[in-house]
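Q: See target.pdb below, with PDB, C-alpha atoms and all ligand atoms.
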```pdb
ATOM      1  CA  MET A 143     -25.568 -27.251 -38.739
ATOM      2  CA  SER A 144     -21.808 -26.789 -38.303
ATOM      3  CA  ASN A 145     -19.856 -28.455 -35.513
ATOM      4  CA  LEU A 146     -18.098 -26.633 -32.680
ATOM      5  CA  ARG A 147     -14.375 -27.426 -32.968
ATOM      6  CA  ILE A 148     -12.903 -27.858 -29.515
ATOM      7  CA  ALA A 149      -9.215 -28.492 -28.820
ATOM      8  CA  VAL A 150      -7.941 -30.638 -25.962
ATOM      9  CA  GLN A 151      -4.374 -31.583 -25.082
ATOM     10  CA  LYS A 152      -3.322 -34.628 -27.074
ATOM     11  CA  SER A 153      -1.379 -36.191 -24.217
ATOM     12  CA  GLY A 154      -0.094 -34.904 -20.922
ATOM     13  CA  ARG A 155      -1.424 -33.506 -17.701
ATOM     14  CA  LEU A 156      -4.659 -32.045 -19.069
ATOM     15  CA  ASN A 157      -5.767 -34.846 -21.362
ATOM     16  CA  GLU A 158      -7.533 -37.218 -18.984
ATOM     17  CA  ASP A 159      -9.492 -34.610 -17.021
ATOM     18  CA  SER A 160     -10.433 -32.832 -20.256
ATOM     19  CA  MET A 161     -11.847 -36.035 -21.735
ATOM     20  CA  ASN A 162     -13.615 -36.791 -18.449
ATOM     21  CA  ILE A 163     -15.371 -33.466 -18.365
ATOM     22  CA  LEU A 164     -16.554 -33.935 -21.958
ATOM     23  CA  LYS A 165     -17.851 -37.367 -21.000
ATOM     24  CA  ASP A 166     -19.567 -35.997 -17.886
ATOM     25  CA  ILE A 167     -21.447 -33.414 -19.956
ATOM     26  CA  GLY A 168     -22.757 -36.214 -22.129
ATOM     27  CA  ILE A 169     -20.470 -35.901 -25.143
ATOM     28  CA  SER A 170     -19.392 -39.320 -26.420
ATOM     29  CA  ILE A 171     -16.323 -39.457 -28.600
ATOM     30  CA  ASP A 172     -14.958 -42.461 -30.429
ATOM     31  CA  ASN A 173     -11.301 -41.812 -29.912
ATOM     32  CA  GLY A 174      -9.138 -44.150 -31.901
ATOM     33  CA  LYS A 175      -5.502 -44.079 -30.810
ATOM     34  CA  ASP A 176      -3.393 -41.596 -32.734
ATOM     35  CA  GLN A 177      -6.481 -39.940 -34.160
ATOM     36  CA  LEU A 178      -5.946 -36.182 -34.189
ATOM     37  CA  LYS A 179      -9.570 -35.275 -34.756
ATOM     38  CA  ALA A 180     -12.790 -37.013 -33.730
ATOM     39  CA  ALA A 181     -16.465 -36.129 -34.057
ATOM     40  CA  ALA A 182     -18.873 -36.631 -31.170
ATOM     41  CA  ARG A 183     -21.593 -39.177 -31.804
ATOM     42  CA  ASN A 184     -24.400 -37.309 -30.096
ATOM     43  CA  PHE A 185     -23.540 -33.589 -30.129
ATOM     44  CA  PRO A 186     -22.401 -31.092 -32.792
ATOM     45  CA  VAL A 187     -18.814 -31.132 -31.570
ATOM     46  CA  GLU A 188     -15.506 -32.128 -33.118
ATOM     47  CA  VAL A 189     -12.534 -32.686 -30.806
ATOM     48  CA  PHE A 190      -9.010 -31.764 -31.981
ATOM     49  CA  TYR A 191      -6.092 -33.341 -30.089
ATOM     50  CA  LEU A 192      -3.258 -30.797 -29.989
ATOM     51  CA  ARG A 193      -0.220 -29.723 -27.999
ATOM     52  CA  ASN A 194      -1.240 -27.442 -25.148
ATOM     53  CA  GLY A 195       1.401 -24.905 -26.169
ATOM     54  CA  ASP A 196       0.130 -24.760 -29.771
ATOM     55  CA  ILE A 197      -3.502 -24.148 -28.849
ATOM     56  CA  PRO A 198      -3.390 -20.319 -28.397
ATOM     57  CA  GLN A 199      -2.332 -19.862 -32.040
ATOM     58  CA  TYR A 200      -5.055 -22.236 -33.270
ATOM     59  CA  LEU A 201      -7.628 -20.233 -31.281
ATOM     60  CA  ARG A 202      -6.337 -16.942 -32.622
ATOM     61  CA  ASP A 203      -6.415 -18.215 -36.207
ATOM     62  CA  GLY A 204      -9.926 -19.602 -35.761
ATOM     63  CA  VAL A 205      -8.769 -23.132 -36.640
ATOM     64  CA  VAL A 206     -10.549 -24.227 -33.460
ATOM     65  CA  ASP A 207     -13.472 -22.416 -31.791
ATOM     66  CA  ALA A 208     -12.752 -23.331 -28.181
ATOM     67  CA  ALA A 209     -10.173 -25.203 -26.124
ATOM     68  CA  ILE A 210      -9.452 -26.717 -22.768
ATOM     69  CA  ILE A 211      -6.095 -25.280 -21.848
ATOM     70  CA  GLY A 212      -3.954 -24.319 -18.841
ATOM     71  CA  GLU A 213      -4.583 -20.709 -17.853
ATOM     72  CA  ASN A 214      -0.795 -20.320 -17.514
ATOM     73  CA  VAL A 215      -0.387 -21.078 -21.234
ATOM     74  CA  LEU A 216      -2.991 -18.460 -22.101
ATOM     75  CA  ILE A 217      -1.072 -15.938 -20.009
ATOM     76  CA  GLU A 218       2.190 -16.939 -21.702
ATOM     77  CA  LYS A 219       1.048 -17.231 -25.301
ATOM     78  CA  GLY A 220      -2.511 -15.944 -25.506
ATOM     79  CA  ASN A 221      -2.842 -12.756 -23.517
ATOM     80  CA  ASP A 222      -5.205 -11.489 -26.208
ATOM     81  CA  LEU A 223      -7.493 -14.522 -25.793
ATOM     82  CA  LYS A 224     -10.427 -14.916 -23.436
ATOM     83  CA  PHE A 225     -11.736 -17.801 -21.407
ATOM     84  CA  VAL A 226     -15.321 -18.317 -20.328
ATOM     85  CA  GLU A 227     -15.031 -20.884 -17.564
ATOM     86  CA  ARG A 228     -12.554 -22.118 -14.961
ATOM     87  CA  LEU A 229     -12.641 -25.914 -14.892
ATOM     88  CA  GLY A 230     -11.247 -26.699 -11.443
ATOM     89  CA  PHE A 231      -8.512 -29.190 -12.442
ATOM     90  CA  SER A 232      -4.749 -29.045 -13.185
ATOM     91  CA  LYS A 233      -4.317 -26.469 -10.470
ATOM     92  CA  CYS A 234      -0.737 -25.260 -10.223
ATOM     93  CA  LYS A 235       1.398 -22.170  -9.683
ATOM     94  CA  VAL A 236       3.978 -20.486 -11.875
ATOM     95  CA  SER A 237       6.731 -19.593  -9.440
ATOM     96  CA  ILE A 238      10.237 -18.287  -9.090
ATOM     97  CA  ALA A 239      12.642 -20.679  -7.366
ATOM     98  CA  VAL A 240      16.321 -20.556  -6.436
ATOM     99  CA  PRO A 241      18.877 -22.978  -4.915
ATOM    100  CA  LYS A 242      17.957 -23.506  -1.259
ATOM    101  CA  GLU A 243      21.163 -21.874  -0.049
ATOM    102  CA  SER A 244      20.587 -18.735  -2.177
ATOM    103  CA  LYS A 245      20.017 -15.422  -0.385
ATOM    104  CA  ALA A 246      17.398 -14.334  -2.926
ATOM    105  CA  ASN A 247      13.936 -13.987  -1.383
ATOM    106  CA  SER A 248      11.886 -12.666  -4.286
ATOM    107  CA  LEU A 249      12.038 -11.952  -8.006
ATOM    108  CA  LYS A 250      13.427  -8.500  -7.130
ATOM    109  CA  ASP A 251      16.558 -10.185  -5.766
ATOM    110  CA  LEU A 252      17.195 -11.699  -9.209
ATOM    111  CA  ASP A 253      17.650  -8.264 -10.820
ATOM    112  CA  GLY A 254      20.551  -8.509 -13.285
ATOM    113  CA  LYS A 255      20.763 -12.297 -12.763
ATOM    114  CA  ARG A 256      20.064 -15.313 -15.009
ATOM    115  CA  ILE A 257      16.622 -16.985 -14.979
ATOM    116  CA  ALA A 258      15.859 -20.253 -16.786
ATOM    117  CA  THR A 259      12.250 -20.800 -17.832
ATOM    118  CA  SER A 260       9.756 -22.234 -20.317
ATOM    119  CA  TYR A 261       7.581 -19.178 -19.684
ATOM    120  CA  PRO A 262       9.643 -16.217 -20.981
ATOM    121  CA  GLU A 263       6.693 -13.906 -21.710
ATOM    122  CA  THR A 264       5.300 -14.412 -18.212
ATOM    123  CA  VAL A 265       8.669 -13.652 -16.627
ATOM    124  CA  LYS A 266       9.159 -10.594 -18.861
ATOM    125  CA  LYS A 267       5.738  -9.290 -17.851
ATOM    126  CA  TYR A 268       6.634  -9.427 -14.142
ATOM    127  CA  LEU A 269      10.153  -8.085 -14.678
ATOM    128  CA  LYS A 270       8.633  -5.109 -16.487
ATOM    129  CA  GLU A 271       6.017  -4.605 -13.794
ATOM    130  CA  TYR A 272       8.733  -4.512 -11.106
ATOM    131  CA  ASN A 273      11.077  -2.516 -13.333
ATOM    132  CA  LEU A 274      13.756  -5.229 -13.239
ATOM    133  CA  ASP A 275      16.112  -6.681 -15.779
ATOM    134  CA  ALA A 276      17.256 -10.291 -15.987
ATOM    135  CA  GLN A 277      18.881 -12.555 -18.523
ATOM    136  CA  LEU A 278      16.404 -15.218 -19.654
ATOM    137  CA  HIS A 279      17.416 -18.730 -20.689
ATOM    138  CA  ILE A 280      14.541 -20.389 -22.490
ATOM    139  CA  ILE A 281      14.355 -24.151 -21.889
ATOM    140  CA  ASN A 282      11.438 -26.373 -22.878
ATOM    141  CA  GLY A 283      11.613 -28.937 -20.078
ATOM    142  CA  SER A 284      13.500 -30.044 -16.952
ATOM    143  CA  VAL A 285      13.949 -26.383 -16.067
ATOM    144  CA  GLU A 286      14.649 -27.295 -12.448
ATOM    145  CA  ILE A 287      18.057 -28.672 -13.401
ATOM    146  CA  ALA A 288      19.335 -25.310 -14.715
ATOM    147  CA  PRO A 289      20.734 -23.870 -11.448
ATOM    148  CA  ASN A 290      22.531 -27.164 -10.663
ATOM    149  CA  ILE A 291      24.408 -27.149 -13.948
ATOM    150  CA  GLY A 292      25.391 -23.529 -13.561
ATOM    151  CA  LEU A 293      23.082 -22.263 -16.278
ATOM    152  CA  ALA A 294      20.985 -19.946 -14.140
ATOM    153  CA  ASP A 295      20.695 -18.267 -10.735
ATOM    154  CA  GLY A 296      16.999 -18.977 -10.546
ATOM    155  CA  ILE A 297      14.123 -20.502 -12.469
ATOM    156  CA  CYS A 298      10.519 -19.771 -13.274
ATOM    157  CA  ASP A 299       8.421 -22.904 -13.692
ATOM    158  CA  ILE A 300       5.272 -24.744 -12.725
ATOM    159  CA  VAL A 301       4.994 -25.823  -9.106
ATOM    160  CA  SER A 302       2.311 -28.107  -7.785
ATOM    161  CA  SER A 303       3.311 -30.369  -4.881
ATOM    162  CA  GLY A 304       6.787 -28.793  -4.787
ATOM    163  CA  SER A 305       8.480 -32.187  -4.993
ATOM    164  CA  THR A 306      10.385 -31.420  -8.223
ATOM    165  CA  LEU A 307      11.839 -28.294  -6.595
ATOM    166  CA  PHE A 308      12.726 -30.245  -3.462
ATOM    167  CA  LYS A 309      14.418 -33.066  -5.380
ATOM    168  CA  ASN A 310      16.542 -30.512  -7.209
ATOM    169  CA  GLY A 311      17.593 -28.610  -4.094
ATOM    170  CA  LEU A 312      15.493 -25.552  -4.950
ATOM    171  CA  LYS A 313      13.086 -23.387  -2.913
ATOM    172  CA  GLU A 314      10.105 -21.361  -4.105
ATOM    173  CA  ILE A 315      10.594 -17.662  -3.383
ATOM    174  CA  GLU A 316       7.720 -16.012  -5.260
ATOM    175  CA  VAL A 317       4.440 -17.147  -6.794
ATOM    176  CA  LEU A 318       3.886 -15.176  -9.984
ATOM    177  CA  LEU A 319       0.468 -16.610 -10.748
ATOM    178  CA  LYS A 320      -1.982 -19.396  -9.998
ATOM    179  CA  SER A 321      -3.419 -21.470 -12.793
ATOM    180  CA  GLU A 322      -6.017 -24.114 -13.560
ATOM    181  CA  ALA A 323      -7.560 -25.567 -16.700
ATOM    182  CA  VAL A 324      -9.945 -23.163 -18.427
ATOM    183  CA  LEU A 325     -12.362 -23.197 -21.357
ATOM    184  CA  ALA A 326     -10.924 -20.649 -23.796
ATOM    185  CA  VAL A 327     -12.676 -19.220 -26.854
ATOM    186  CA  SER A 328     -11.520 -18.131 -30.288
ATOM    187  CA  PRO A 329     -12.144 -14.457 -31.110
ATOM    188  CA  GLN A 330     -13.333 -15.715 -34.496
ATOM    189  CA  ILE A 331     -16.099 -18.007 -33.258
ATOM    190  CA  SER A 332     -19.323 -17.739 -35.321
ATOM    191  CA  GLU A 333     -22.720 -16.975 -33.753
ATOM    192  CA  GLU A 334     -23.930 -20.453 -34.607
ATOM    193  CA  ARG A 335     -20.985 -22.126 -32.904
ATOM    194  CA  LYS A 336     -21.200 -19.694 -29.968
ATOM    195  CA  ALA A 337     -24.707 -21.077 -29.357
ATOM    196  CA  ILE A 338     -23.261 -24.615 -29.140
ATOM    197  CA  LEU A 339     -20.511 -23.369 -26.831
ATOM    198  CA  ASN A 340     -23.145 -21.785 -24.549
ATOM    199  CA  LYS A 341     -24.851 -25.162 -24.232
ATOM    200  CA  ILE A 342     -21.542 -26.815 -23.369
ATOM    201  CA  GLN A 343     -20.780 -24.110 -20.828
ATOM    202  CA  PHE A 344     -24.162 -24.566 -19.166
ATOM    203  CA  ARG A 345     -23.577 -28.317 -18.903
ATOM    204  CA  ILE A 346     -20.052 -27.830 -17.552
ATOM    205  CA  GLN A 347     -21.382 -25.490 -14.857
ATOM    206  CA  SER A 348     -23.897 -28.159 -13.818
ATOM    207  CA  VAL A 349     -21.181 -30.806 -13.590
ATOM    208  CA  LEU A 350     -18.770 -28.534 -11.678
ATOM    209  CA  LYS A 351     -21.464 -27.500  -9.187
ATOM    210  CA  GLY A 352     -22.316 -31.169  -8.705
ATOM    211  CA  ARG A 353     -18.644 -31.991  -8.077
ATOM    212  CA  GLU A 354     -18.505 -29.252  -5.420
ATOM    213  CA  SER A 355     -21.511 -30.580  -3.537
ATOM    214  CA  LYS A 356     -22.848 -33.602  -1.669
ATOM    215  CA  TYR A 357     -26.443 -34.739  -1.264
ATOM    216  CA  VAL A 358     -27.098 -35.480   2.395
ATOM    217  CA  LEU A 359     -30.011 -37.448   3.880
ATOM    218  CA  LEU A 360     -30.519 -37.886   7.612
ATOM    219  CA  ASN A 361     -33.110 -38.887  10.172
ATOM    220  CA  ALA A 362     -33.916 -36.905  13.296
ATOM    221  CA  PRO A 363     -36.475 -36.860  16.083
ATOM    222  CA  ASN A 364     -38.913 -33.995  15.475
ATOM    223  CA  GLU A 365     -37.954 -32.137  18.649
ATOM    224  CA  LYS A 366     -34.372 -31.848  17.344
ATOM    225  CA  LEU A 367     -35.375 -30.651  13.852
ATOM    226  CA  GLU A 368     -35.173 -26.944  14.536
ATOM    227  CA  GLY A 369     -31.560 -27.132  15.713
ATOM    228  CA  ILE A 370     -30.591 -29.389  12.803
ATOM    229  CA  LEU A 371     -32.226 -27.207  10.137
ATOM    230  CA  LYS A 372     -30.276 -24.193  11.411
ATOM    231  CA  LEU A 373     -27.045 -26.010  10.514
ATOM    232  CA  LEU A 374     -28.040 -26.688   6.914
ATOM    233  CA  PRO A 375     -27.568 -24.326   3.974
ATOM    234  CA  GLY A 376     -29.549 -26.214   1.251
ATOM    235  CA  MET A 377     -30.217 -24.990  -2.295
ATOM    236  CA  ARG A 378     -33.403 -23.168  -1.232
ATOM    237  CA  SER A 379     -34.264 -24.866   2.050
ATOM    238  CA  PRO A 380     -33.880 -28.475   3.124
ATOM    239  CA  THR A 381     -36.678 -30.944   2.355
ATOM    240  CA  VAL A 382     -38.304 -32.403   5.477
ATOM    241  CA  LEU A 383     -40.417 -35.566   5.160
ATOM    242  CA  PRO A 384     -42.181 -37.525   7.920
ATOM    243  CA  LEU A 385     -40.815 -41.019   8.582
ATOM    244  CA  ALA A 386     -43.085 -44.066   9.036
ATOM    245  CA  GLU A 387     -42.022 -44.040  12.693
ATOM    246  CA  LYS A 388     -44.054 -41.437  14.563
ATOM    247  CA  GLY A 389     -42.189 -38.401  15.869
ATOM    248  CA  TRP A 390     -39.300 -38.759  13.381
ATOM    249  CA  SER A 391     -38.466 -36.974  10.137
ATOM    250  CA  SER A 392     -36.093 -37.390   7.246
ATOM    251  CA  VAL A 393     -34.131 -34.333   6.076
ATOM    252  CA  HIS A 394     -32.630 -34.012   2.572
ATOM    253  CA  THR A 395     -30.246 -31.280   1.557
ATOM    254  CA  VAL A 396     -27.178 -30.274  -0.477
ATOM    255  CA  ILE A 397     -23.914 -29.355   1.269
ATOM    256  CA  SER A 398     -20.734 -27.890  -0.207
ATOM    257  CA  LYS A 399     -17.907 -30.453  -0.268
ATOM    258  CA  ASN A 400     -15.602 -28.022   1.561
ATOM    259  CA  LYS A 401     -17.911 -27.476   4.533
ATOM    260  CA  PHE A 402     -19.180 -31.005   4.586
ATOM    261  CA  TRP A 403     -17.119 -32.640   7.397
ATOM    262  CA  ASP A 404     -17.665 -29.763   9.828
ATOM    263  CA  ILE A 405     -21.393 -29.760   9.206
ATOM    264  CA  ILE A 406     -21.678 -33.547   9.547
ATOM    265  CA  GLU A 407     -20.005 -33.400  12.977
ATOM    266  CA  ASP A 408     -22.384 -30.656  14.094
ATOM    267  CA  LEU A 409     -25.366 -32.586  12.743
ATOM    268  CA  LYS A 410     -24.417 -35.688  14.749
ATOM    269  CA  ALA A 411     -23.842 -33.631  17.859
ATOM    270  CA  ASN A 412     -27.324 -32.124  17.421
ATOM    271  CA  GLY A 413     -29.167 -35.439  17.195
ATOM    272  CA  ALA A 414     -29.035 -36.438  13.502
ATOM    273  CA  GLU A 415     -28.933 -40.199  12.854
ATOM    274  CA  GLY A 416     -28.508 -42.488   9.848
ATOM    275  CA  ILE A 417     -26.704 -39.835   7.840
ATOM    276  CA  LEU A 418     -26.250 -40.796   4.178
ATOM    277  CA  VAL A 419     -23.927 -38.814   1.897
ATOM    278  CA  CYS A 420     -24.230 -39.222  -1.885
ATOM    279  CA  PRO A 421     -22.274 -37.737  -4.778
ATOM    280  CA  ILE A 422     -24.173 -35.422  -7.119
ATOM    281  CA  GLU A 423     -23.699 -36.058 -10.812
ATOM    282  CA  LYS A 424     -25.134 -32.772 -12.044
ATOM    283  CA  MET A 425     -26.704 -29.773 -10.398
ATOM    284  CA  VAL A 426     -28.893 -27.521 -12.546
ATOM    285  CA  LEU A 427     -29.799 -24.273 -10.818
TER     286      LEU A 427
HETATM  287  N1  LIG B 501       2.665 -30.619 -11.839
HETATM  288  C1  LIG B 501       1.536 -30.095 -12.283
HETATM  289  N2  LIG B 501       0.437 -30.069 -11.515
HETATM  290  C2  LIG B 501      -0.723 -29.535 -11.951
HETATM  291  N3  LIG B 501      -0.877 -28.992 -13.173
HETATM  292  C3  LIG B 501       0.184 -29.005 -13.984
HETATM  293  C4  LIG B 501       1.444 -29.548 -13.592
HETATM  294  N4  LIG B 501       2.318 -29.435 -14.606
HETATM  295  C5  LIG B 501       1.622 -28.843 -15.595
HETATM  296  N5  LIG B 501       0.354 -28.565 -15.234
HETATM  297  C6  LIG B 501      -0.709 -27.926 -16.042
HETATM  298  O1  LIG B 501      -0.987 -28.772 -17.122
HETATM  299  C7  LIG B 501      -0.654 -28.130 -18.352
HETATM  300  C8  LIG B 501      -0.051 -29.149 -19.302
HETATM  301  O2  LIG B 501       1.174 -29.617 -18.797
HETATM  302  P1  LIG B 501       1.987 -30.782 -19.524
HETATM  303  O3  LIG B 501       3.252 -30.929 -18.827
HETATM  304  O4  LIG B 501       1.118 -31.954 -19.702
HETATM  305  O5  LIG B 501       2.140 -30.218 -20.971
HETATM  306  P2  LIG B 501       3.203 -29.314 -21.664
HETATM  307  O6  LIG B 501       4.409 -30.110 -21.914
HETATM  308  O7  LIG B 501       3.334 -28.026 -20.922
HETATM  309  O8  LIG B 501       2.389 -28.985 -22.992
HETATM  310  P3  LIG B 501       2.283 -29.610 -24.454
HETATM  311  O9  LIG B 501       0.900 -30.254 -24.579
HETATM  312  O10 LIG B 501       2.410 -28.387 -25.309
HETATM  313  O11 LIG B 501       3.363 -30.611 -24.616
HETATM  314  C9  LIG B 501       0.277 -26.990 -17.949
HETATM  315  O12 LIG B 501       0.222 -25.942 -18.883
HETATM  316  C10 LIG B 501      -0.283 -26.595 -16.621
HETATM  317  O13 LIG B 501      -1.429 -25.776 -16.791
HETATM  318  O1  LIG B 502       5.582 -29.405  -7.938
HETATM  319  P1  LIG B 502       5.469 -30.732  -8.626
HETATM  320  O2  LIG B 502       4.257 -31.507  -8.167
HETATM  321  O3  LIG B 502       6.715 -31.527  -8.565
HETATM  322  O4  LIG B 502       5.158 -30.440 -10.167
HETATM  323  C1  LIG B 502       5.931 -29.546 -10.912
HETATM  324  C2  LIG B 502       6.521 -30.195 -12.109
HETATM  325  O5  LIG B 502       5.464 -30.691 -12.943
HETATM  326  C3  LIG B 502       5.687 -30.250 -14.277
HETATM  327  O6  LIG B 502       6.492 -31.120 -14.972
HETATM  328  P2  LIG B 502       5.950 -32.455 -15.669
HETATM  329  O7  LIG B 502       5.905 -33.565 -14.701
HETATM  330  O8  LIG B 502       4.660 -32.138 -16.345
HETATM  331  O9  LIG B 502       7.085 -32.772 -16.700
HETATM  332  P3  LIG B 502       7.512 -31.972 -18.016
HETATM  333  O10 LIG B 502       8.528 -30.970 -17.556
HETATM  334  O11 LIG B 502       8.079 -33.030 -18.881
HETATM  335  O12 LIG B 502       6.281 -31.327 -18.585
HETATM  336  C4  LIG B 502       6.413 -28.935 -14.093
HETATM  337  O13 LIG B 502       7.143 -28.570 -15.244
HETATM  338  C5  LIG B 502       7.298 -29.180 -12.904
HETATM  339  O14 LIG B 502       8.518 -29.705 -13.285
HETATM  340 MG    MG B 503       4.784 -30.567 -17.863
END
```
Can the structure from this file be put into structure tokens for me?
A:
Amino acid sequence: MSNLRIAVQKSGRLNEDSMNILKDIGISIDNGKDQLKAAARNFPVEVFYLRNGDIPQYLRDGVVDAAIIGENVLIEKGNDLKFVERLGFSKCKVSIAVPKESKANSLKDLDGKRIATSYPETVKKYLKEYNLDAQLHIINGSVEIAPNIGLADGICDIVSSGSTLFKNGLKEIEVLLKSEAVLAVSPQISEERKAILNKIQFRIQSVLKGRESKYVLLNAPNEKLEGILKLLPGMRSPTVLPLAEKGWSSVHTVISKNKFWDIIEDLKANGAEGILVCPIEKMVL
């Protein structure tokens, strides 16, 4: 049986979370330092450690079958490539920014001006869409410095917390796109390897659903149960078990991480006691 060849970023922002997700889906890799390729011990997978920016070409050429990559890089260099899963980490924006004293309020205001960026294809796509023209300066890093040294009137770069913009006296004026890490696929993937990828995708979905949810256990007097159960979503319906103490029950359920604090407050206010909240490792639906 052939191995699925999956690319991850060698070092940088995506590396750690990519390796963590592989670990969480039960794929163990012996990763010697400076090794560019490593086979999993317990799954038909080989991991290739590559530059994020090089991965679209490797996917296109079928040198790797799948990859964990920033969606923004796919948009920039792999518009012809598809992804099968959003992975929920490395969330960021690709935005237009200008010096804070600039009068420009959107990309449209940079018509005929100079824009520095590491994402020329992305900028060109939006310029074309808005029917604008700008002079692009392609820089591979530290793009935020360009307006300060007189190289550009604005920039297009990744924004996350906004602190790099702030430190460089810039303000965000337009978000071109939002990005996160995705699982991308080569158009050349074989049927056999596609079957392995499907298994990986299924496992990833279980891990991501688990990460989004909490397992909640609580005790309640029986007369309060009805009100408490109304507050709980649950996978199907909450499990209710009698406690050793007469007139009391234990309720078990799964709550989305986002709604969790609001629901917990309501549960307490409606008579729930001894509330335990546990992380969920995997959730198979
Ligand atoms: N500040 C940030 N916050 C969140 N995600 C980010 C941030 N900066 C970059 N990313 C995401 O992580 C990806 C990798 O960024 P990183 O800076 O590690 O690598 P790179 O220099 O763009 O790529 P390469 O691996 O080709 O050197 C980006 O393409 C983007 O999707
Ligand atoms: O909004 P913030 O939270 O400040 O993040 C945005 C910064 O993060 C990235 O740079 P990175 O730190 O990856 O350095 P790099 O330019 O060397 O890739 C990106 O290129 C921005 O400069
Ligand atoms: Mg970076």
Q: Any residue with an atom at most 12 Å from ligand MG 503 (chain B) counts, using only C-alpha atoms and all ligand atoms. Which are they? Put them as a short mmCIF file (atom, residue, chain, number, x, y, z; two decimals) with C-alpha atoms, keeping the file's coordinate frame.
A:
```
data_model
loop_
_atom_site.label_atom_id
_atom_site.label_comp_id
_atom_site.auth_asym_id
_atom_site.auth_seq_id
_atom_site.Cartn_x
_atom_site.Cartn_y
_atom_site.Cartn_z
CA GLN A 151 -4.37 -31.58 -25.08
CA SER A 153 -1.38 -36.19 -24.22
CA GLY A 154 -0.09 -34.90 -20.92
CA ARG A 155 -1.42 -33.51 -17.70
CA LEU A 156 -4.66 -32.04 -19.07
CA ASN A 157 -5.77 -34.85 -21.36
CA ARG A 193 -0.22 -29.72 -28.00
CA ASN A 194 -1.24 -27.44 -25.15
CA GLY A 195 1.40 -24.90 -26.17
CA GLY A 212 -3.95 -24.32 -18.84
CA ASN A 214 -0.80 -20.32 -17.51
CA VAL A 215 -0.39 -21.08 -21.23
CA SER A 232 -4.75 -29.04 -13.18
CA CYS A 234 -0.74 -25.26 -10.22
CA VAL A 236 3.98 -20.49 -11.88
CA SER A 260 9.76 -22.23 -20.32
CA TYR A 261 7.58 -19.18 -19.68
CA ASN A 282 11.44 -26.37 -22.88
CA GLY A 283 11.61 -28.94 -20.08
CA SER A 284 13.50 -30.04 -16.95
CA VAL A 285 13.95 -26.38 -16.07
CA GLU A 286 14.65 -27.30 -12.45
CA ASP A 299 8.42 -22.90 -13.69
CA ILE A 300 5.27 -24.74 -12.72
CA VAL A 301 4.99 -25.82 -9.11
CA SER A 302 2.31 -28.11 -7.78
CA THR A 306 10.38 -31.42 -8.22
#
```
Q: For atom CA of Leu371 of chain A and atom CA of Arg353 of chain A, determine how far apart the two atoms are, in Å to one decimal place.
A: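 Spanning atom CA of Leu371 of chain A to atom CA of Arg353 of chain A is a straight-line distance of 23.2 Å.
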Q: Counting all atoms listed in the file, which residues come within 10 Å of (-10.2, -26.6, -9.9), with the point read in the file's coordinates, and could you list them as an NGL selection string?
A: :A and (228-234 or 321-324 or 350 or 354)
Q: In file coordinates, which residues lie within 9 Å of (-29.6, -26.7, -7.8) using only C-alpha atoms, given as a tab-separated table (two decimals) with C-alpha atoms, in the coordinates of the input?
A:
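Saved as result01.tsv:
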```
chain	number	residue	atom	x	y	z
A	348	SER	CA	-23.90	-28.16	-13.82
A	351	LYS	CA	-21.46	-27.50	-9.19
A	352	GLY	CA	-22.32	-31.17	-8.70
A	377	MET	CA	-30.22	-24.99	-2.30
A	378	ARG	CA	-33.40	-23.17	-1.23
A	396	VAL	CA	-27.18	-30.27	-0.48
A	424	LYS	CA	-25.13	-32.77	-12.04
A	425	MET	CA	-26.70	-29.77	-10.40
A	426	VAL	CA	-28.89	-27.52	-12.55
A	427	LEU	CA	-29.80	-24.27	-10.82
```
Q: Which value, in Å to one decimal, gives the distance between atom P3 of ligand LIG 502 (chain B) and atom CA of Lys235 of chain A?
A: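 Between atom P3 of ligand LIG 502 (chain B) and atom CA of Lys235 of chain A the gap works out to 14.2 Å.
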Q: With distances taken over all atoms listed in the file, which residue among A:Asp159, A:Lys372, A:Lys366, A:Leu409 lies nearest Trp390 of chain A?
A: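 Under the stated criterion, the closest residue is A:Lys366.
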Q: One decimal, Å: what's the distance from atom CA of Arg147 of chain A over to atom C2 of ligand LIG 502 (chain B), could you say?
A: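 Interatomic distance here is 29.7 Å.
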Q: Could you tell me which residues the PyMOL selection byres (((chain A and resi 243-254) around 6) and not hetatm) returns for this structure, as JSON, numbers by chain?
A: {"A": [241, 242, 255, 274, 275, 276, 315, 316]}
Q: Applying the PyMOL selection byres (((chain A and resi 380-389) around 12) and not hetatm) to the file I just gave you, which residues come out? Please list them as JSON, numbers by chain.
A: {"A": [357, 358, 359, 360, 361, 362, 363, 364, 365, 366, 367, 368, 370, 371, 372, 373, 374, 375, 376, 377, 378, 379, 390, 391, 392, 393, 394, 395, 396, 397]}
